[in-house]
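Q: To start, I am sharing the structure in question, which I have written as structure tokens.
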Amino acid sequence: MIMKTSTLSRRTLLRGMAGGVGVGLALPTLEAMLDGSGKAYADGASLPKRFVIWFWGNGNEPSTWTPSTTGAGWAPTAMQQGLAALTADISVITGLHLPVKGANNPHVEGVVGMLTGGNPVLHPSYTGAQFDWDYMDVPSASIDQLVAQAFAGKTPYRSLEVGATQPHRSNGPGTAISFISHNASYNPNPPELDPAAVFTRLFANGMTAPQGTIDPMLKLRARLLDAVKADAAALRTRLGTSDKQRLDAHLEGISALEQRIKALPPPPSMTCSMPPAPSAPATVSERAQLMGQLVAMALACGLTRVVTFQFSSAASHERYEAWPTDLSCGGTPKDFHEYEHCAGFDDQVRGVLKYFMDRFGTFVQTLKDTPDGAGSLLDNCCVLGTSELGAGPTHEFDNIPLLIAGRAGGALKSGLHVPAPGELPSRVMLALLNAVGVNASTFGTDQLATSSPLTDILV
Amino acid sequence: VRDLLGVAADAVGNWRTSLSAAQGGVSTIGVEQYETEALAVAAAAFADPGRRGRLLACADAAGPSVNCVHDFVTAFGRRAFRRPLTDDEVSRYVELAAAATADLGNAWAGPEMVAAAMLESPSFLYRVELGTDDGSGTLTYDGWELASRLSFMVWSTTPDDTLLDAAARGDLSTSPGLAPQIDRLLVAAQAADGLDQFLDDWLDLDSVSQLVKDSSFFPGFDTTLAASMQKEISLSLRSQLLEQGGDFRGVFDNLKTQLNGPLARLYGVSGVDGNDFREVALPLDGPRAGVLGFGGILALQASTVSTSPTLRGKFVRGTFLCQSIPPPPKGVNTQLPASDPKMPTTTRQRLEAHRSDPFCASCHGLMDPIGFGLEAFDAEGAFRTTENALPLDTRGTIDGVSFADARGLGQALKQNPKAVDCFVRQVYRYAQGHIEATSEARALSELNSQFSSHGYTYRTLMTSLALHPSFRLAAPTP
């Protein structure tokens, strides 16, 4: 991205030199930098593409999920009524089958198979006596981090992870049951669940600071991290391969932090404005909505281009506000997950499954309502909405629900119902990687690997 | 951190959570949160004139001189990195201090930034214990590494100056030099933290205070009770294993425990009120004794609404006998038949499905008959005599020994030689930080015989372990 534009204010350029630590980061989109149509930068480069995952746990009901018509103008089912106003912006892919290696916990197998295209690994300390989900993990980075790697260095935050409900707990080294985003095995990116904390992290410390002065601490913090890196480099020479990997993962985090310190907060502009400080949410819906607004602004302000939104984790035991706390099955009161296993699909369960889609619809609408250049943020987004299972009660890997919102800057067709019976979800993932401009010719490993993207959704 | 700077890091922020989920390396957000915490901790330590004066005793009213900062880098660095700093490290941190002092125009800013940087350094964050090849191809820990291993084993924290001085003198490389240090560590107050850490590994202690129960079944179960349960286990085993120093096997039938008001109410013990703990002798003819009588253990090995003899049996086998049982195979319906409100049944009766199906019985026969012995304690750990208005049957068997109830199960474990083997194994795993390989069988058997010849006390087991040659040997890292 070219920063030398004569119409930029002097202040913007000055702030690019903070503390003498040169800035190689992209600043957020300023109108002055756009061409007349608002679709591209003045030098002809297109607006940045953003990649978002919106994940919910415990699947859906295949028999009431599939829309009755295919192609454009698909008719949302009763469960998808929350998406009714957005059918031109959302594609639904149905019939996907995930042949993940099924020897252990299916929730973990599902989330790992979907988002990494690989089979879960079991930690070496697992003896068979413990709960397997506490020891299961991803074999490699999740798809959001593949995108983040490709986009690295372009934004202050490599990626942003948020959530709306408590993740399923892990009492062991495995974190795939709890978190959807991973850099590598046993190296998760846990979501922040508190909108106020996300707000403080992204906006409060930067955008309100006096703009003329440079905090000397920024320079010192960068210097401090240099000392830490020198320590690590000296230590690294003494370590074996596996310890080196751990240290390298740590170092990568330090480098990302250093880069962010050396970058500067975005100046307010027409499409990027500091959102109001969020109030404490009373319900899961409110929390999700506040998070959605913060995510939209983080994307619009160019703070990051990759977001995972973990509405609920795989195997979540959340009692959503749509769930009556005293609902019994088999003689005992149960949370949604336990109840679903006990009772199967009934109207109570369907009510919650519809509630998930309502939340997804609200999130997509928020992106659509956020301007980006002259258009909508959603136009430049690729939002993957999915879960770890098809039918939750029976842990099925058939008919895994998958939604795609946005146009990825014109690379994605949108508003289609694409039946893909028996197809690998990895084919969708590869298509999405290509749509956002990641140079990948394959996705996944072993029986989940593909080199054939699902081209039906690509322009 | 508390021991380094006199500041409890937990009081400043969520220090531990930012690094805890980090088996495979710290995540980006972890590093970011950790940086904030390290700066905040250092700032808190240096904001207090008394505390910073203790950290840099060489400073005068105008602040620390260049030489004083140099001494601080050397001394604080040795505490933080658990070894002397290299020349490169000293000059790196002295330069950082000079830059900070110049940029912020404050002589104290230098050491403050040094402290923050050292807290962020991998040399502080990771215990680097690689061993050195003595020429024979065997990797042996040096004195600094031994000091660190010893301190983390017994205290669960970083070595103090006395131990580091002993390492500097070379005392730790011989048993006569090492022994007095072990004794000193074991009687110090910090040994309680080390025991808690072992109890967390062994009994999953930290999960107890996080227990939640279904409020429609257990309206009295709250976070205070859960925290009290954890504290009972910690205090009671501390008294027994560290302070009294008796035979370890007492953990299976000890009647003495530590209770506060909320726990005493749950246990039906009168005369204990308030939130403070005190020692209580449980009734000789009561249902409850030893580790299997702890409400926290019984509640942890149960669901939010009901008991699970399977879970409890699996826990006893894994924790006290070191025997693992594979998880149920794929595709098996693990849902028990629901209880019909018109035809009430006990959990034991519903588990009959496990016994009648030979496929299930092959594994459940190893777990359920142990767990049946604990059925007189419900899912929150309270004593009961009936379930669904039906009388309870608490008879069971373990390794061919029949028992009538929880107290009988405790006696059966106390007399089972495998329980002694297993305890040695568990302490060994904790101290070494890995599951033993077959090549370590000899070390275990030697420790086992030392344990029995010293009256099965926890402290002598720790001492034998620290003095054992295996404690000095490092495994090559892949």
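Ligands are numbered from 1 in the order shown, chains are lettered A, B, ... in the order of the structure tokens, and residues start at 1 in each chain.
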Please identify all polymer residues within 7 Å of range 107-112 of chain A, counting only C-alpha atoms, omitting same-chain residues fewer than 4 positions from it, and present them as a list in words.
A: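 Neighbouring residues, sequence-local ones excluded: Val100, Gly102, Thr116, Gly117, Gly118, Asn119, Pro120, Trp133, Val138, Ala176, Ile177, Ala314, Ala315, Glu388 and Leu389 of chain A.
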Q: Generate the output file for the selected residues, N, CA, C and O atoms, as a PDB file, in the first residue's frame.
A:
```pdb
ATOM      1  N   VAL A 100     -13.628 -37.002   9.272  1.00  0.00           N
ATOM      2  CA  VAL A 100     -12.510 -36.884  10.209  1.00  0.00           C
ATOM      3  C   VAL A 100     -12.338 -38.222  10.911  1.00  0.00           C
ATOM      4  O   VAL A 100     -13.298 -38.978  11.069  1.00  0.00           O
ATOM      5  N   GLY A 102     -12.535 -40.726  13.418  1.00  0.00           N
ATOM      6  CA  GLY A 102     -13.433 -40.710  14.569  1.00  0.00           C
ATOM      7  C   GLY A 102     -13.079 -41.723  15.640  1.00  0.00           C
ATOM      8  O   GLY A 102     -13.675 -42.777  15.722  1.00  0.00           O
ATOM      9  N   THR A 116      -9.005 -26.857  10.595  1.00  0.00           N
ATOM     10  CA  THR A 116      -7.607 -27.083  10.200  1.00  0.00           C
ATOM     11  C   THR A 116      -7.515 -28.034   9.015  1.00  0.00           C
ATOM     12  O   THR A 116      -6.453 -28.173   8.421  1.00  0.00           O
ATOM     13  N   GLY A 117      -8.619 -28.730   8.705  1.00  0.00           N
ATOM     14  CA  GLY A 117      -8.556 -29.731   7.654  1.00  0.00           C
ATOM     15  C   GLY A 117      -7.639 -30.887   8.016  1.00  0.00           C
ATOM     16  O   GLY A 117      -7.054 -31.522   7.144  1.00  0.00           O
ATOM     17  N   GLY A 118      -7.494 -31.159   9.308  1.00  0.00           N
ATOM     18  CA  GLY A 118      -6.642 -32.270   9.742  1.00  0.00           C
ATOM     19  C   GLY A 118      -7.308 -33.072  10.836  1.00  0.00           C
ATOM     20  O   GLY A 118      -8.388 -32.714  11.325  1.00  0.00           O
ATOM     21  N   ASN A 119      -6.672 -34.170  11.234  1.00  0.00           N
ATOM     22  CA  ASN A 119      -7.172 -34.985  12.331  1.00  0.00           C
ATOM     23  C   ASN A 119      -6.543 -34.497  13.627  1.00  0.00           C
ATOM     24  O   ASN A 119      -5.374 -34.107  13.645  1.00  0.00           O
ATOM     25  N   PRO A 120      -7.304 -34.555  14.738  1.00  0.00           N
ATOM     26  CA  PRO A 120      -6.738 -34.070  15.994  1.00  0.00           C
ATOM     27  C   PRO A 120      -5.526 -34.893  16.426  1.00  0.00           C
ATOM     28  O   PRO A 120      -5.418 -36.068  16.082  1.00  0.00           O
ATOM     29  N   TRP A 133     -10.795 -35.202  25.607  1.00  0.00           N
ATOM     30  CA  TRP A 133     -10.867 -33.824  25.097  1.00  0.00           C
ATOM     31  C   TRP A 133      -9.892 -32.892  25.811  1.00  0.00           C
ATOM     32  O   TRP A 133      -9.533 -31.853  25.284  1.00  0.00           O
ATOM     33  N   VAL A 138      -5.192 -29.390  17.894  1.00  0.00           N
ATOM     34  CA  VAL A 138      -5.102 -29.254  16.437  1.00  0.00           C
ATOM     35  C   VAL A 138      -3.746 -29.787  15.966  1.00  0.00           C
ATOM     36  O   VAL A 138      -2.769 -29.718  16.703  1.00  0.00           O
ATOM     37  N   ALA A 176      -8.178 -27.556  21.927  1.00  0.00           N
ATOM     38  CA  ALA A 176      -9.074 -27.497  20.776  1.00  0.00           C
ATOM     39  C   ALA A 176     -10.542 -27.578  21.191  1.00  0.00           C
ATOM     40  O   ALA A 176     -11.418 -27.130  20.453  1.00  0.00           O
ATOM     41  N   ILE A 177     -10.831 -28.104  22.378  1.00  0.00           N
ATOM     42  CA  ILE A 177     -12.220 -28.126  22.841  1.00  0.00           C
ATOM     43  C   ILE A 177     -12.671 -26.723  23.224  1.00  0.00           C
ATOM     44  O   ILE A 177     -13.852 -26.402  23.185  1.00  0.00           O
ATOM     45  N   ALA A 314     -17.034 -25.375  20.622  1.00  0.00           N
ATOM     46  CA  ALA A 314     -17.453 -26.743  20.382  1.00  0.00           C
ATOM     47  C   ALA A 314     -17.884 -27.337  21.719  1.00  0.00           C
ATOM     48  O   ALA A 314     -17.305 -27.039  22.754  1.00  0.00           O
ATOM     49  N   ALA A 315     -18.953 -28.152  21.688  1.00  0.00           N
ATOM     50  CA  ALA A 315     -19.430 -28.849  22.893  1.00  0.00           C
ATOM     51  C   ALA A 315     -19.829 -27.887  24.016  1.00  0.00           C
ATOM     52  O   ALA A 315     -19.849 -28.262  25.179  1.00  0.00           O
ATOM     53  N   GLU A 388     -19.223 -27.502  14.567  1.00  0.00           N
ATOM     54  CA  GLU A 388     -18.348 -28.677  14.489  1.00  0.00           C
ATOM     55  C   GLU A 388     -19.074 -29.949  14.093  1.00  0.00           C
ATOM     56  O   GLU A 388     -18.424 -30.970  13.868  1.00  0.00           O
ATOM     57  N   LEU A 389     -20.404 -29.892  14.022  1.00  0.00           N
ATOM     58  CA  LEU A 389     -21.162 -31.113  13.771  1.00  0.00           C
ATOM     59  C   LEU A 389     -22.335 -30.822  12.843  1.00  0.00           C
ATOM     60  O   LEU A 389     -22.722 -29.671  12.668  1.00  0.00           O
TER      61      LEU A 389
END
```
Q: Going by DSSP on the backbone, which residues of range 76-297 of chain B come out as strand (DSSP E)? List them as a list in words.
A: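 Answer for range 76-297 of chain B, restricted to strand (DSSP E): Thr132, Asp133, Leu139, Thr140, Lys256, Thr257, Gln258, Leu259, Arg278, Glu279, Val280 and Ala281 of chain B.
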Q: As a list of chain:residue names, list the residues of range 67-139 of chain A assigned to helix (DSSP H, G or I) by DSSP on the backbone atoms of this structure.
A: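 In range 67-139 of chain A, DSSP puts these residues in helix (DSSP H, G or I): A:Ala78, A:Met79, A:Gln80, A:Gln81, A:Gly82, A:Leu83, A:Ala84, A:Ala85, A:Leu86, A:Pro106, A:His107, A:Val108, A:Glu109, A:Gly110, A:Val111, A:Val112, A:Gly113, A:Met114, A:Leu115, A:Thr116, A:Asp132, A:Trp133, A:Asp134.
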Q: Starting from chain A, keep only residues with some atom at most 7 Å from an atom of chain B, counting only C-alpha atoms, and report them as JSON, numbers by chain.
A: {"A": [103, 104, 127, 128, 129, 173, 185, 186, 187, 188, 189, 216, 220, 224, 227, 228, 231, 232, 240, 241, 242, 246, 247, 249, 250, 253, 254, 256, 257, 330, 331]}
Q: Taking only C-alpha atoms into account, name the residue in A:Met429, A:Val459, A:Ala150, A:Cys381 that is nearest to Leu412 in chain A.
A: A:Val459
Q: Set the distance at 12 Å and use only C-alpha atoms: which residues neighbour Phe403 in chain B once local chain neighbours fewer than 4 positions away are removed? I'd like the list as an MDAnalysis selection string.
A: chainID B and resid 369:374 393:399 407:413
Q: Quick one: everything within 7 Å of range 246-252 of chain B, counting only C-alpha atoms, minus sequence neighbours fewer than 5 positions away in the same chain. Send it as a list of chain:residue names.
A: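 What passes the distance filter is B:Gln240, B:Leu241, B:Gly290, B:Val291, B:Leu292, B:Gly410, B:Gln411, B:Leu413, B:Lys414, B:Gly455, B:Tyr456, B:Thr457, B:Tyr458.
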Q: Hey, can you check how far CA of Gln230 in chain B sits from CA of Ser209 in chain B?
A: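 Those two atoms sit 5.5 Å apart.
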Q: Between CA of Gly406 in chain A and CA of Asn439 in chain A, what is the distance in Å, rounded to a tenth?
A: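 CA of Asn439 in chain A lies at a distance of 19.8 Å from CA of Gly406 in chain A.
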Q: Calculated over only C-alpha atoms, which of the candidates A:Gly172, A:Asp346, A:Pro67, A:Ser125 has the smallest distance to Leu83 in chain A?
A: A:Pro67
Q: For Gly437 in chain A, please output as a PyMOL selection string all residues within 10 Å (counting only C-alpha atoms; exclusion window: fewer than 3 positions along the same chain).
A: chain A and resi 48-50+147+150-151+408+411+431-434+440
Q: I'd like the contact shell of Gly137 in chain B - 12 Å cut-off, only C-alpha atoms, skipping same-chain residues fewer than 5 positions apart - returned as a ChimeraX atom specification.
A: /B:131-132,473-476
Q: Would you save the residues of that selection, restricted to N, CA, C and O atoms, as a compact mmCIF listing (two decimals), in the first residue's frame?
A:
```
# COMPACT_ATOMS: atom_id res chain seq x y z
N GLY B 131 21.02 -29.69 31.46
CA GLY B 131 22.11 -30.60 31.84
C GLY B 131 23.34 -30.36 30.97
O GLY B 131 23.27 -29.72 29.93
N THR B 132 24.47 -30.87 31.46
CA THR B 132 25.72 -30.75 30.71
C THR B 132 26.32 -32.13 30.54
O THR B 132 26.24 -32.96 31.44
N LEU B 473 20.06 -36.44 36.78
CA LEU B 473 20.25 -36.82 35.38
C LEU B 473 19.21 -36.16 34.48
O LEU B 473 18.02 -36.28 34.72
N ALA B 474 19.68 -35.50 33.48
CA ALA B 474 18.77 -34.87 32.53
C ALA B 474 18.59 -35.79 31.33
O ALA B 474 19.54 -36.43 30.89
N ALA B 475 17.36 -35.84 30.84
CA ALA B 475 17.13 -36.60 29.61
C ALA B 475 17.47 -35.71 28.43
O ALA B 475 17.23 -34.51 28.47
N PRO B 476 18.09 -36.27 27.39
CA PRO B 476 18.34 -35.43 26.22
C PRO B 476 17.02 -34.95 25.63
O PRO B 476 16.05 -35.73 25.59
```
Q: Can you tell me, as a VMD selection string, what residues are no more than 6 Å from Met136 in chain A when counting only C-alpha atoms, ignoring any on the same chain fewer than 6 positions away?
A: chain A and resid 121 to 122 174
Q: Using 12 Å as the limit and counting only C-alpha atoms, can you tabulate each residue of range 43-110 of chain A that touches range 355-378 of chain A, with its shortest atom-to-atom distance in Å and the two atoms involved, as CSV?
A:
```
residue,atom,partner,partner_atom,distance
A:Ser46,CA,A:Gly373,CA,10.2
A:Leu47,CA,A:Gly373,CA,7.6
A:Pro48,CA,A:Asp372,CA,9.7
A:Lys49,CA,A:Leu377,CA,9.3
A:Arg50,CA,A:Leu377,CA,8.9
A:Phe51,CA,A:Leu378,CA,10.3
A:Val52,CA,A:Leu378,CA,10.4
A:Ile53,CA,A:Phe360,CA,10.7
A:Trp54,CA,A:Phe360,CA,7.4
A:Phe55,CA,A:Phe360,CA,9.0
A:Trp56,CA,A:Phe356,CA,7.2
A:Gly57,CA,A:Phe356,CA,9.4
A:Asn58,CA,A:Phe356,CA,10.5
A:Gly59,CA,A:Phe356,CA,9.9
A:Asn60,CA,A:Phe356,CA,9.3
A:Trp65,CA,A:Met357,CA,10.7
A:Pro76,CA,A:Met357,CA,10.9
A:Thr77,CA,A:Met357,CA,10.9
A:Ala78,CA,A:Met357,CA,10.5
A:Met79,CA,A:Met357,CA,7.2
A:Gln80,CA,A:Met357,CA,6.1
A:Gln81,CA,A:Asp358,CA,7.4
A:Gly82,CA,A:Asp358,CA,4.3
A:Leu83,CA,A:Gly361,CA,5.1
A:Ala84,CA,A:Gly361,CA,8.5
A:Ala85,CA,A:Gly361,CA,8.6
A:Leu86,CA,A:Gly361,CA,7.5
A:Thr87,CA,A:Gly361,CA,9.9
A:Ala88,CA,A:Lys368,CA,11.6
A:Asp89,CA,A:Leu378,CA,8.3
A:Ile90,CA,A:Val364,CA,8.7
```
Q: Between B:Ala45, B:Val69, B:Leu300, B:Ala382, single out the one closest to Tyr267 in chain B, counting only C-alpha atoms.
A: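 Of B:Ala45, B:Val69, B:Leu300, B:Ala382, the one nearest Tyr267 in chain B is B:Ala382, counting only C-alpha atoms.
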